[in-house]
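Take a look at the structure below.
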Amino acid sequence: MRKIAVNAAERLIALTHNLAAVLLAVAALLVFWQVVTRFLLGDAAAWSEVLARGVVIWMVFLVAGAGFRLSAMIPLEFVRSVLPDTLQRVVGFVVMALILVFLGVLIWFGTAMAIRVSTQQVAMLGVPISWFYAAIPLGAALAVPGVLLEFFRPIDELRDAAAARDETFE
């Protein structure tokens with residue numbers, strides 16, 4: 001059962017990472033279109049700037065889980081390196097707990113904010129602004145598996161194990 005949950009969490013993190021990469025490409029195309037319409041056609045497409053902003057917001061919140069999973073967030077390596085092994089694990093647990101509390105706050109208040117602004121429309125797009133704000137609680141919820149995986153199954157250990165396997169085949 002644990003292996004199924006870990007595999008599902010890893011797949012979820014990979015999915016959100018890949019979706020964020022697609023959204024990055026979409027944002028780049030939207031900004032390119034904005035430049036083309038403004039400077040080549042002389043009449044800027046106002047909708048593309050607003051949509052690009054929304055796409056970037058979704059991209060950032062979707063990739064947060066992968067950032068935690070891959071240890072790409074601000075590391076505490078210096079603090080960990082000067083501590084004994086047992087204290088390193090304690091510091092890791094405290095950091096994980098604080099991150100989970102913060103994500104919980106984002107989920108709670110992000111949901112409240114998305115509900116609160118659900119009657120407002122995005123200028124130039126005509127869609128509810130809550131579609132943009134929904135990235136906050138959804139991205140925070142999708143980041144939880146990345147935080148848990150990094151604490152209970154650190155990516156560094158997996159990389160070291162993979163490197164050791166690769167060395168035996170060379």
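Chain identifiers are assigned as A, B, and so on, following the order in which chains appear in the structure tokens; residues are numbered from 1 within each chain, and ligands are numbered from 1 in order of appearance.
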
Neighbour list for A:Ala66 as a PDB file with all heavy atoms, in the first residue's frame, cut-off 7 Å, only C-alpha atoms, skip fewer than 6 positions in-chain:
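Result went into selection.pdb, see below:
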```pdb
ATOM      1  N   ILE A  13       3.597  14.498  -8.873  1.00  0.00           N
ATOM      2  CA  ILE A  13       4.638  15.523  -8.936  1.00  0.00           C
ATOM      3  C   ILE A  13       5.165  15.647 -10.364  1.00  0.00           C
ATOM      4  O   ILE A  13       5.362  16.753 -10.874  1.00  0.00           O
ATOM      5  CB  ILE A  13       5.785  15.203  -7.956  1.00  0.00           C
ATOM      6  CG1 ILE A  13       5.279  15.231  -6.514  1.00  0.00           C
ATOM      7  CG2 ILE A  13       6.956  16.145  -8.140  1.00  0.00           C
ATOM      8  CD1 ILE A  13       4.687  16.544  -6.075  1.00  0.00           C
ATOM      9  N   HIS A  17       4.820  18.985 -12.681  1.00  0.00           N
ATOM     10  CA  HIS A  17       6.064  19.531 -13.232  1.00  0.00           C
ATOM     11  C   HIS A  17       5.947  19.702 -14.742  1.00  0.00           C
ATOM     12  O   HIS A  17       6.317  20.746 -15.295  1.00  0.00           O
ATOM     13  CB  HIS A  17       7.222  18.595 -12.866  1.00  0.00           C
ATOM     14  CG  HIS A  17       8.559  19.103 -13.247  1.00  0.00           C
ATOM     15  ND1 HIS A  17       9.218  18.675 -14.365  1.00  0.00           N
ATOM     16  CD2 HIS A  17       9.369  20.010 -12.652  1.00  0.00           C
ATOM     17  CE1 HIS A  17      10.379  19.290 -14.452  1.00  0.00           C
ATOM     18  NE2 HIS A  17      10.495  20.109 -13.421  1.00  0.00           N
ATOM     19  N   GLY A 146       4.929  16.513  -2.549  1.00  0.00           N
ATOM     20  CA  GLY A 146       6.345  16.790  -2.781  1.00  0.00           C
ATOM     21  C   GLY A 146       7.104  17.018  -1.490  1.00  0.00           C
ATOM     22  O   GLY A 146       8.222  16.555  -1.320  1.00  0.00           O
TER      23      GLY A 146
END
```

Notebook entry, point to check: If you run DSSP on this backbone, which residues of chain A come out as alpha helix (DSSP H), and could you give them as a VMD selection string?
Noted result: chain A and resid 2 to 35 46 to 69 77 to 81 85 to 116 130 to 133 135 to 152 155 to 169

For stretch 21-85 of chain A against stretch 4-12 of chain A, with a cut-off of 12 Å and counting only C-alpha atoms, what is the closest atom pair and its distance in Å to one decimal for every residue that makes the cut, ordered by chain and number, as a Markdown table?
```
| residue | atom | partner | partner_atom | distance |
| --- | --- | --- | --- | --- |
| A:Leu62 | CA | A:Leu12 | CA | 10.5 |
| A:Val63 | CA | A:Leu12 | CA | 10.9 |
| A:Gly65 | CA | A:Leu12 | CA | 9.0 |
| A:Ala66 | CA | A:Leu12 | CA | 9.2 |
| A:Phe68 | CA | A:Glu10 | CA | 11.9 |
| A:Arg69 | CA | A:Glu10 | CA | 8.7 |
| A:Leu70 | CA | A:Glu10 | CA | 10.8 |
```

Could those residues be written to a file, using N, CA and C atoms, as an mmCIF file, in the first residue's frame?
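The result, written out as part_20.cif:
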```cif
data_model
loop_
_atom_site.group_PDB
_atom_site.id
_atom_site.type_symbol
_atom_site.label_atom_id
_atom_site.label_comp_id
_atom_site.auth_asym_id
_atom_site.auth_seq_id
_atom_site.Cartn_x
_atom_site.Cartn_y
_atom_site.Cartn_z
ATOM 1 N N LEU A 62 1.780 25.375 -9.661
ATOM 2 C CA LEU A 62 1.816 23.955 -10.028
ATOM 3 C C LEU A 62 3.204 23.347 -9.844
ATOM 4 N N VAL A 63 4.243 24.120 -10.067
ATOM 5 C CA VAL A 63 5.598 23.567 -9.997
ATOM 6 C C VAL A 63 6.147 23.566 -8.571
ATOM 7 N N GLY A 65 5.292 21.874 -5.940
ATOM 8 C CA GLY A 65 5.471 20.511 -5.442
ATOM 9 C C GLY A 65 6.736 19.863 -5.988
ATOM 10 N N ALA A 66 6.993 20.069 -7.270
ATOM 11 C CA ALA A 66 8.218 19.526 -7.865
ATOM 12 C C ALA A 66 9.444 20.214 -7.271
ATOM 13 N N PHE A 68 9.738 21.332 -4.201
ATOM 14 C CA PHE A 68 9.984 20.698 -2.903
ATOM 15 C C PHE A 68 10.560 19.301 -3.093
ATOM 16 N N ARG A 69 9.979 18.534 -4.004
ATOM 17 C CA ARG A 69 10.406 17.152 -4.211
ATOM 18 C C ARG A 69 11.858 17.065 -4.652
ATOM 19 N N LEU A 70 12.266 17.967 -5.515
ATOM 20 C CA LEU A 70 13.618 17.936 -6.064
ATOM 21 C C LEU A 70 14.612 18.734 -5.226
#
```
